[in-house]
file run-v2.tsv (TSV, C-alpha atoms)
chain	number	residue	atom	x	y	z
A	925	ALA	CA	-16.94	-7.39	6.84
A	926	LEU	CA	-14.16	-5.54	5.06
A	927	THR	CA	-13.21	-2.14	6.45
A	928	LEU	CA	-11.95	0.70	4.30
A	929	ALA	CA	-9.97	2.95	6.63
A	930	GLY	CA	-11.62	6.17	5.48
A	931	ALA	CA	-15.06	4.71	6.17
A	932	VAL	CA	-14.06	3.46	9.59
A	933	VAL	CA	-12.80	6.88	10.61
A	934	ARG	CA	-16.27	8.27	9.95
A	935	PHE	CA	-18.48	5.35	10.98
A	936	GLY	CA	-16.80	3.28	13.68
A	937	ASP	CA	-13.70	1.68	15.08
A	938	GLY	CA	-13.65	-1.47	12.95
A	939	ALA	CA	-13.99	-3.80	15.94
A	940	ASP	CA	-16.55	-5.98	14.16
A	941	CYS	CA	-14.62	-6.12	10.86
A	942	ASP	CA	-12.63	-9.07	9.56
A	943	ALA	CA	-10.06	-7.14	7.52
A	944	LEU	CA	-8.71	-3.67	6.83
A	945	VAL	CA	-7.95	-1.85	3.57
A	946	LEU	CA	-5.79	1.26	3.94
A	947	PRO	CA	-6.39	3.38	0.81
A	948	GLY	CA	-4.33	5.99	-1.02
A	949	GLY	CA	-4.33	9.68	-0.21
A	950	GLY	CA	-2.11	12.50	1.02
A	951	ASP	CA	1.30	12.18	2.64
A	952	ILE	CA	2.03	10.96	6.15
A	953	HIS	CA	3.50	13.62	8.42
A	954	PRO	CA	7.29	13.03	8.59
A	955	GLU	CA	7.27	13.38	12.40
A	956	ARG	CA	5.65	9.92	12.36
A	957	TYR	CA	8.91	8.44	11.05
A	958	GLY	CA	11.41	10.79	12.67
A	959	ARG	CA	12.37	12.88	9.68
A	960	PRO	CA	12.32	16.65	9.10
A	961	TRP	CA	9.74	18.05	6.68
A	962	HIS	CA	11.18	17.98	3.16
A	963	ASP	CA	8.48	17.75	0.49
A	964	CYS	CA	5.18	16.53	1.94
A	965	ARG	CA	1.78	17.33	0.44
A	966	GLN	CA	-1.81	17.12	1.69
A	967	VAL	CA	-0.79	16.09	5.20
A	968	ASP	CA	-3.63	15.27	7.61
A	969	PRO	CA	-2.34	14.49	11.14
A	970	ASP	CA	-5.81	13.38	12.31
A	971	ARG	CA	-6.04	10.86	9.48
A	972	ASP	CA	-2.51	9.65	10.28
A	973	ALA	CA	-3.47	9.07	13.92
A	974	ALA	CA	-6.75	7.32	13.07
A	975	GLU	CA	-5.24	5.00	10.46
A	976	LEU	CA	-2.21	4.15	12.60
A	977	ALA	CA	-4.56	3.23	15.46
A	978	LEU	CA	-6.61	1.04	13.12
A	979	PHE	CA	-3.50	-0.61	11.74
A	980	HIS	CA	-2.17	-1.45	15.19
A	981	ARG	CA	-5.56	-2.84	16.31
A	982	PHE	CA	-5.94	-5.11	13.27
A	983	PHE	CA	-2.24	-6.09	13.31
A	984	ALA	CA	-2.38	-7.08	17.00
A	985	GLN	CA	-5.44	-9.22	16.30
A	986	GLY	CA	-3.77	-10.92	13.32
A	987	LYS	CA	-6.48	-9.72	10.93
A	988	PRO	CA	-5.67	-9.29	7.21
A	989	ILE	CA	-4.52	-5.83	6.12
A	990	LEU	CA	-4.04	-4.50	2.59
A	991	GLY	CA	-2.35	-1.14	1.99
A	992	ILE	CA	-2.67	0.72	-1.31
A	993	CYS	CA	-0.19	3.53	-2.13
A	994	ARG	CA	-0.38	5.73	1.01
A	995	GLY	CA	-1.70	2.60	2.74
A	996	MET	CA	1.53	0.72	1.99
A	997	GLN	CA	3.52	3.71	3.23
A	998	LEU	CA	1.43	3.78	6.41
A	999	ILE	CA	2.10	0.07	7.04
A	1000	ASN	CA	5.81	0.75	6.66
A	1001	VAL	CA	5.75	3.73	9.04
A	1002	ALA	CA	3.57	1.87	11.57
A	1003	LEU	CA	6.22	-0.87	11.74
A	1004	GLY	CA	9.10	1.58	12.26
A	1005	GLY	CA	10.11	2.23	8.65
A	1006	THR	CA	10.84	5.52	6.92
A	1007	LEU	CA	9.81	7.16	3.65
A	1008	HIS	CA	11.50	8.93	0.77
A	1009	GLN	CA	9.60	12.22	0.79
A	1010	ASN	CA	10.00	12.91	-2.91
A	1011	ILE	CA	11.04	10.61	-5.73
A	1012	GLU	CA	11.17	11.39	-9.43
A	1013	GLY	CA	9.36	9.63	-12.23
A	1014	HIS	CA	6.48	8.01	-10.32
A	1015	SER	CA	3.87	10.79	-10.20
A	1016	ALA	CA	0.74	11.08	-12.28
A	1017	SER	CA	0.83	13.73	-15.01
A	1018	GLY	CA	-2.16	15.92	-15.75
A	1019	GLY	CA	-4.35	13.72	-13.58
A	1020	VAL	CA	-3.43	10.59	-15.55
A	1021	ASP	CA	-1.51	7.73	-13.94
A	1022	GLY	CA	1.86	6.87	-15.39
A	1023	LEU	CA	2.83	3.30	-16.23
A	1024	HIS	CA	5.99	1.31	-15.65
A	1025	THR	CA	7.16	-2.25	-15.70
A	1026	THR	CA	7.99	-4.02	-12.45
A	1027	SER	CA	9.69	-7.18	-11.28
A	1028	ALA	CA	8.26	-9.42	-8.57
A	1029	LEU	CA	10.08	-11.76	-6.23
A	1030	PRO	CA	9.73	-15.38	-7.41
A	1031	ASP	CA	7.05	-17.29	-5.49
A	1032	SER	CA	5.62	-14.07	-4.02
A	1033	PHE	CA	1.86	-13.55	-4.08
A	1034	LEU	CA	2.32	-11.06	-6.93
A	1035	ALA	CA	4.40	-13.45	-9.03
A	1036	GLN	CA	1.67	-16.06	-8.51
A	1037	LEU	CA	-0.99	-13.56	-9.62
A	1038	TYR	CA	0.84	-11.86	-12.50
A	1039	GLY	CA	4.17	-13.54	-13.24
A	1040	ARG	CA	7.65	-12.16	-12.59
A	1041	ASN	CA	7.47	-9.04	-14.78
A	1042	PHE	CA	4.38	-6.94	-15.37
A	1043	THR	CA	3.18	-3.36	-15.88
A	1044	VAL	CA	1.32	-1.33	-13.26
A	1045	ASN	CA	0.16	2.25	-12.88
A	1046	THR	CA	2.07	4.84	-10.88
A	1047	ALA	CA	0.80	7.99	-9.16
A	1048	HIS	CA	2.92	8.70	-6.10
A	1049	HIS	CA	5.82	10.94	-5.15
A	1050	GLN	CA	6.73	9.20	-1.88
A	1051	ALA	CA	7.85	5.63	-1.30
A	1052	ALA	CA	9.25	3.28	1.31
A	1053	ASP	CA	12.86	3.94	2.29
A	1054	GLN	CA	13.98	1.82	5.24
A	1055	LEU	CA	11.52	-1.02	5.66
A	1056	GLY	CA	9.65	-1.54	8.91
A	1057	ALA	CA	10.08	-4.57	11.16
A	1058	GLY	CA	9.00	-7.82	9.54
A	1059	LEU	CA	8.42	-6.40	6.05
A	1060	LEU	CA	9.83	-8.10	2.97
A	1061	PRO	CA	10.00	-6.29	-0.38
A	1062	VAL	CA	8.42	-8.37	-3.16
A	1063	GLN	CA	8.14	-5.98	-6.13
A	1064	TRP	CA	10.39	-3.26	-7.56
A	1065	ALA	CA	10.24	-0.57	-10.23
A	1066	PRO	CA	13.18	-0.40	-12.69
A	1067	ASP	CA	14.77	2.39	-10.59
A	1068	GLY	CA	14.74	0.21	-7.45
A	1069	VAL	CA	11.72	1.80	-5.74
A	1070	VAL	CA	9.89	-0.83	-3.67
A	1071	GLU	CA	6.45	-1.33	-5.22
A	1072	ALA	CA	5.08	-4.00	-2.85
A	1073	VAL	CA	5.76	-5.54	0.56
A	1074	VAL	CA	4.49	-8.44	2.64
A	1075	HIS	CA	4.87	-9.10	6.32
A	1076	ARG	CA	6.94	-12.18	7.09
A	1077	GLU	CA	4.61	-13.46	9.84
A	1078	ARG	CA	1.28	-11.63	9.65
A	1079	PRO	CA	-1.39	-11.38	6.91
A	1080	VAL	CA	-0.25	-7.95	5.75
A	1081	TRP	CA	0.30	-6.88	2.14
A	1082	GLY	CA	1.01	-3.50	0.60
A	1083	VAL	CA	1.26	-2.27	-2.98
A	1084	GLN	CA	2.51	1.16	-4.00
A	1085	TRP	CA	0.34	1.22	-7.12
A	1086	HIS	CA	-3.45	1.48	-7.48
A	1087	PRO	CA	-5.12	-1.84	-8.36
A	1088	GLU	CA	-8.56	-0.25	-7.90
A	1089	ARG	CA	-7.86	1.84	-11.01
A	1090	LEU	CA	-6.87	-1.25	-13.02
A	1091	GLU	CA	-10.19	-3.07	-12.79
A	1092	GLU	CA	-13.14	-3.44	-15.16
A	1093	GLY	CA	-13.86	-0.18	-16.93
A	1094	GLY	CA	-10.61	1.51	-15.92
A	1095	ARG	CA	-8.11	-1.10	-16.96
A	1096	ARG	CA	-5.84	-0.53	-19.91
A	1097	ALA	CA	-4.87	-3.46	-22.11
A	1098	ASP	CA	-1.17	-2.92	-21.31
A	1099	THR	CA	-1.51	-3.35	-17.51
A	1100	VAL	CA	-2.44	-6.13	-15.13
A	1101	ASP	CA	-5.96	-6.74	-13.84
A	1102	GLY	CA	-6.11	-5.08	-10.41
A	1103	GLN	CA	-9.14	-7.17	-9.40
A	1104	ARG	CA	-6.86	-10.17	-8.83
A	1105	ILE	CA	-5.30	-8.51	-5.77
A	1106	PHE	CA	-8.70	-7.86	-4.22
A	1107	THR	CA	-9.80	-11.43	-4.93
A	1108	PHE	CA	-6.57	-12.72	-3.35
A	1109	PHE	CA	-7.08	-10.47	-0.32
A	1110	LEU	CA	-10.70	-11.49	0.19
A	1111	GLU	CA	-9.65	-15.16	0.07
A	1112	GLN	CA	-7.39	-14.44	3.07
A	1113	CYS	CA	-10.25	-13.01	5.13
A	1114	PRO	CA	-12.05	-15.27	7.62
A	1115	TYR	CA	-15.80	-15.28	7.05

call {"tool": "encode", "arguments": {"input": "run-v2.tsv", "output": "C-alpha cells"}}
result
Amino acid sequence: ALTLAGAVVRFGDGADCDALVLPGGGDIHPERYGRPWHDCRQVDPDRDAAELALFHRFFAQGKPILGICRGMQLINVALGGTLHQNIEGHSASGGVDGLHTTSALPDSFLAQLYGRNFTVNTAHHQAADQLGAGLLPVQWAPDGVVEAVVHRERPVWGVQWHPERLEEGGRRADTVDGQRIFTFFLEQCPY
C-alpha cells in the first residue's frame, strides 16, 4: 500500500503501508526549523505535527518516502534543515504553474530518468536553505535553488516541483513526464 500523507491523517497511522508520499500544500511553521516568522502562508501546525510524525515513523522503518514541494521541505525540516521563507521567481502566476529549466547531478535518479538538463513546473515561494542530515542535493534551478534531494543512506527522495501536474492530460510538450518519478518510486516499494 502507498500512503498519501493527507489521507493517512484522516484515515489511519500508516502502520500497514509500504511507502509514504508527502504532498504539496501550505508552509511549514518556522518554529519547526528554529526561525522567526518572515513570510509564511497557509500554515497548519496540526498538519505539520502529523506529517512529521509520519515521516519519522517511515524513516525509522527504512520505508520509501517521496516528498513533493511542501513534502520535500518537510523532509528537509524533519532532518534538521532550514527553509528560505520567501524566494522570488518560483511562484505560480494567476493559478498557472511557471516553468524553468533545471540541471541534475550526473548519475542521480533524475538524470537517469530525464537527462542532465530538463524543464519542470514551478509553484512555490519557499525552498530548502540549509540541508538536513544525510540529504544530498541532486537538482538545481538556474538561480541555485535546490529542486530535488535524496537521502544518502535511506530510500528518501524529494522534488520541489509537481510531477503529478506533469502527467497524462496535464503535461505540456515542453516539460518532462512526471509519471516517470512515480513509476521509479513504486519500483522502490516492497510488495

call {"tool": "closest_residue", "arguments": {"input": "run-v2.tsv", "among": "A:Gly1005, A:Pro988, A:Pro969, A:Gly949", "to": "Glu1111 of chain A", "atoms": "all atoms listed in the file"}}
result
A:Pro988

call {"tool": "closest_residue", "arguments": {"input": "run-v2.tsv", "among": "A:Val1020, A:Leu1034, A:Ala1057, A:Ala1047", "to": "Leu1003 of chain A", "atoms": "all atoms listed in the file"}}
result
A:Ala1057

call {"tool": "atom_distance", "arguments": {"input": "run-v2.tsv", "atom1": "atom CA of Gly1004 of chain A", "atom2": "atom CA of Thr1046 of chain A"}}
result
24.4 Å

call {"tool": "residues_around", "arguments": {"input": "run-v2.tsv", "residues": "Leu1060 of chain A", "least_positions_apart": "4", "cutoff": "8 Å", "atoms": "all atoms listed in the file", "output": "PDB file with C-alpha atoms, keeping the file's coordinate frame"}}
result
ATOM      1  CA  LEU A1055      11.520  -1.020   5.660  1.00  0.00           C
ATOM      2  CA  VAL A1073       5.760  -5.540   0.560  1.00  0.00           C
ATOM      3  CA  VAL A1074       4.490  -8.440   2.640  1.00  0.00           C
ATOM      4  CA  HIS A1075       4.870  -9.100   6.320  1.00  0.00           C
ATOM      5  CA  ARG A1076       6.940 -12.180   7.090  1.00  0.00           C
TER       6      ARG A1076
END

call {"tool": "closest_residue", "arguments": {"input": "run-v2.tsv", "among": "A:Trp961, A:Phe1042, A:Phe983, A:Trp1081", "to": "Gln1112 of chain A", "atoms": "only C-alpha atoms"}}
result
A:Trp1081

call {"tool": "atom_distance", "arguments": {"input": "run-v2.tsv", "atom1": "atom CA of Asp940 of chain A", "atom2": "atom CA of Phe982 of chain A"}}
result
10.7 Å

call {"tool": "atom_distance", "arguments": {"input": "run-v2.tsv", "atom1": "atom CA of Ala1051 of chain A", "atom2": "atom CA of His1024 of chain A"}}
result
15.1 Å

call {"tool": "closest_residue", "arguments": {"input": "run-v2.tsv", "among": "A:Val1044, A:Ile1011, A:Leu946, A:Ala1065", "to": "Ile992 of chain A", "atoms": "only C-alpha atoms"}}
result
A:Leu946

call {"tool": "closest_residue", "arguments": {"input": "run-v2.tsv", "among": "A:Gln1036, A:Asn1010, A:Gln985, A:Gln966", "to": "Arg1078 of chain A", "atoms": "all atoms listed in the file"}}
result
A:Gln985

call {"tool": "residues_around", "arguments": {"input": "run-v2.tsv", "residues": "Thr1043 of chain A", "least_positions_apart": "5", "cutoff": "12 Å", "atoms": "all atoms listed in the file", "output": "number ranges by chain"}}
result
A: 1022-1028, 1034, 1038, 1063-1066, 1071, 1085-1087, 1090, 1095-1102

call {"tool": "closest_residue", "arguments": {"input": "run-v2.tsv", "among": "A:Arg1089, A:Lys987, A:His1008, A:His1049", "to": "Pro960 of chain A", "atoms": "all atoms listed in the file"}}
result
A:His1008

call {"tool": "residues_around", "arguments": {"input": "run-v2.tsv", "residues": "Glu955 of chain A", "least_positions_apart": "2", "cutoff": "12 Å", "atoms": "all atoms listed in the file", "output": "PyMOL selection string"}}
result
chain A and resi 951-953+957-962+964+967+969+972-973+1001+1004+1006-1007+1009

call {"tool": "axis_aligned_box", "arguments": {"input": "run-v2.tsv", "around": "segment 1074-1081 of chain A", "padding_each_side": "6 Å", "output": "lines of an AutoDock Vina configuration file"}}
result
center_x = 2.8
center_y = -10.2
center_z = 6.0
size_x = 20.3
size_y = 18.6
size_z = 19.7

call {"tool": "residues_around", "arguments": {"input": "run-v2.tsv", "residues": "Leu976 of chain A", "least_positions_apart": "2", "cutoff": "9 Å", "atoms": "all atoms listed in the file", "output": "PyMOL selection string"}}
result
chain A and resi 971-974+978-981+998-999+1001-1002

call {"tool": "write_last_selection", "arguments": {"input": "run-v2.tsv", "atoms": "C-alpha atoms", "output": "PDB file, in the coordinates of the input"}}
result
ATOM      1  CA  ARG A 971      -6.040  10.860   9.480  1.00  0.00           C
ATOM      2  CA  ASP A 972      -2.510   9.650  10.280  1.00  0.00           C
ATOM      3  CA  ALA A 973      -3.470   9.070  13.920  1.00  0.00           C
ATOM      4  CA  ALA A 974      -6.750   7.320  13.070  1.00  0.00           C
ATOM      5  CA  LEU A 978      -6.610   1.040  13.120  1.00  0.00           C
ATOM      6  CA  PHE A 979      -3.500  -0.610  11.740  1.00  0.00           C
ATOM      7  CA  HIS A 980      -2.170  -1.450  15.190  1.00  0.00           C
ATOM      8  CA  ARG A 981      -5.560  -2.840  16.310  1.00  0.00           C
ATOM      9  CA  LEU A 998       1.430   3.780   6.410  1.00  0.00           C
ATOM     10  CA  ILE A 999       2.100   0.070   7.040  1.00  0.00           C
ATOM     11  CA  VAL A1001       5.750   3.730   9.040  1.00  0.00           C
ATOM     12  CA  ALA A1002       3.570   1.870  11.570  1.00  0.00           C
TER      13      ALA A1002
END

call {"tool": "residues_around", "arguments": {"input": "run-v2.tsv", "residues": "Glu1088 of chain A", "least_positions_apart": "5", "cutoff": "12 Å", "atoms": "only C-alpha atoms", "output": "number ranges by chain"}}
result
A: 945, 947-948, 991-993, 1044-1045, 1083, 1093-1095, 1100-1107

call {"tool": "decode", "arguments": {"input": "run-v2.tsv", "residues": "segment 1045-1059 of chain A", "atoms": "all heavy atoms", "output": "short mmCIF file (atom, residue, chain, number, x, y, z; two decimals), in the first residue's frame"}}
result
data_model
loop_
_atom_site.label_atom_id
_atom_site.label_comp_id
_atom_site.auth_asym_id
_atom_site.auth_seq_id
_atom_site.Cartn_x
_atom_site.Cartn_y
_atom_site.Cartn_z
N ASN A 1045 7.86 22.27 -13.87
CA ASN A 1045 6.97 23.35 -13.44
C ASN A 1045 7.47 23.92 -12.11
O ASN A 1045 8.30 23.32 -11.42
CB ASN A 1045 5.52 22.86 -13.34
CG ASN A 1045 5.35 21.68 -12.41
OD1 ASN A 1045 6.29 21.13 -11.85
ND2 ASN A 1045 4.11 21.25 -12.25
N THR A 1046 6.95 25.08 -11.76
CA THR A 1046 7.34 25.71 -10.50
C THR A 1046 6.14 26.46 -9.93
O THR A 1046 5.46 27.19 -10.65
CB THR A 1046 8.56 26.64 -10.69
OG1 THR A 1046 8.96 27.16 -9.41
CG2 THR A 1046 8.31 27.75 -11.66
N ALA A 1047 5.88 26.23 -8.64
CA ALA A 1047 4.72 26.85 -7.98
C ALA A 1047 4.96 26.90 -6.48
O ALA A 1047 4.18 26.40 -5.70
CB ALA A 1047 3.45 26.08 -8.31
N HIS A 1048 6.07 27.48 -6.08
CA HIS A 1048 6.40 27.54 -4.65
C HIS A 1048 7.07 28.87 -4.34
O HIS A 1048 7.67 29.49 -5.21
CB HIS A 1048 7.32 26.37 -4.25
CG HIS A 1048 8.62 26.34 -4.98
ND1 HIS A 1048 9.79 26.78 -4.41
CD2 HIS A 1048 8.95 25.93 -6.23
CE1 HIS A 1048 10.78 26.63 -5.28
NE2 HIS A 1048 10.30 26.12 -6.39
N HIS A 1049 6.98 29.30 -3.10
CA HIS A 1049 7.67 30.52 -2.70
C HIS A 1049 8.67 30.24 -1.58
O HIS A 1049 9.40 31.13 -1.17
CB HIS A 1049 6.68 31.63 -2.31
CG HIS A 1049 6.16 31.51 -0.92
ND1 HIS A 1049 6.58 32.34 0.10
CD2 HIS A 1049 5.29 30.64 -0.38
CE1 HIS A 1049 5.96 31.98 1.22
NE2 HIS A 1049 5.17 30.96 0.96
N GLN A 1050 8.71 28.99 -1.11
CA GLN A 1050 9.70 28.60 -0.12
C GLN A 1050 10.56 27.48 -0.71
O GLN A 1050 10.16 26.82 -1.67
CB GLN A 1050 9.03 28.12 1.17
CG GLN A 1050 8.27 29.24 1.85
CD GLN A 1050 7.93 28.93 3.30
OE1 GLN A 1050 7.74 27.80 3.70
NE2 GLN A 1050 7.87 29.98 4.10
N ALA A 1051 11.73 27.29 -0.13
CA ALA A 1051 12.64 26.28 -0.64
C ALA A 1051 13.66 25.91 0.44
O ALA A 1051 13.83 26.65 1.42
CB ALA A 1051 13.39 26.80 -1.88
N ALA A 1052 14.32 24.79 0.25
CA ALA A 1052 15.36 24.36 1.19
C ALA A 1052 16.47 25.40 1.26
O ALA A 1052 16.89 25.95 0.25
CB ALA A 1052 15.92 23.01 0.76
N ASP A 1053 16.94 25.64 2.48
CA ASP A 1053 18.09 26.51 2.71
C ASP A 1053 19.23 25.59 3.13
O ASP A 1053 19.85 24.96 2.29
CB ASP A 1053 17.74 27.57 3.75
CG ASP A 1053 18.87 28.57 4.00
OD1 ASP A 1053 19.86 28.58 3.25
OD2 ASP A 1053 18.75 29.36 4.95
N GLN A 1054 19.49 25.48 4.43
CA GLN A 1054 20.47 24.51 4.90
C GLN A 1054 19.84 23.13 4.82
O GLN A 1054 18.72 22.93 5.28
CB GLN A 1054 20.90 24.82 6.32
CG GLN A 1054 21.61 26.14 6.45
CD GLN A 1054 21.88 26.49 7.92
OE1 GLN A 1054 21.34 25.91 8.83
NE2 GLN A 1054 22.73 27.48 8.11
N LEU A 1055 20.58 22.18 4.24
CA LEU A 1055 20.03 20.84 4.08
C LEU A 1055 20.14 20.05 5.36
O LEU A 1055 21.11 20.16 6.11
CB LEU A 1055 20.71 20.10 2.94
CG LEU A 1055 20.43 20.62 1.54
CD1 LEU A 1055 21.12 19.76 0.50
CD2 LEU A 1055 18.93 20.70 1.26
N GLY A 1056 19.13 19.20 5.59
CA GLY A 1056 19.08 18.33 6.75
C GLY A 1056 20.11 17.21 6.67
O GLY A 1056 20.68 16.94 5.60
N ALA A 1057 20.32 16.55 7.78
CA ALA A 1057 21.32 15.49 7.90
C ALA A 1057 21.06 14.38 6.88
O ALA A 1057 19.96 13.86 6.77
CB ALA A 1057 21.29 14.91 9.31
N GLY A 1058 22.11 14.05 6.14
CA GLY A 1058 22.05 12.95 5.18
C GLY A 1058 21.50 13.30 3.82
O GLY A 1058 21.52 12.47 2.92
N LEU A 1059 21.02 14.52 3.62
CA LEU A 1059 20.44 14.89 2.33
C LEU A 1059 21.50 15.39 1.36
O LEU A 1059 22.40 16.14 1.73
CB LEU A 1059 19.35 15.95 2.51
CG LEU A 1059 18.10 15.50 3.23
CD1 LEU A 1059 17.12 16.67 3.39
CD2 LEU A 1059 17.43 14.33 2.52
#
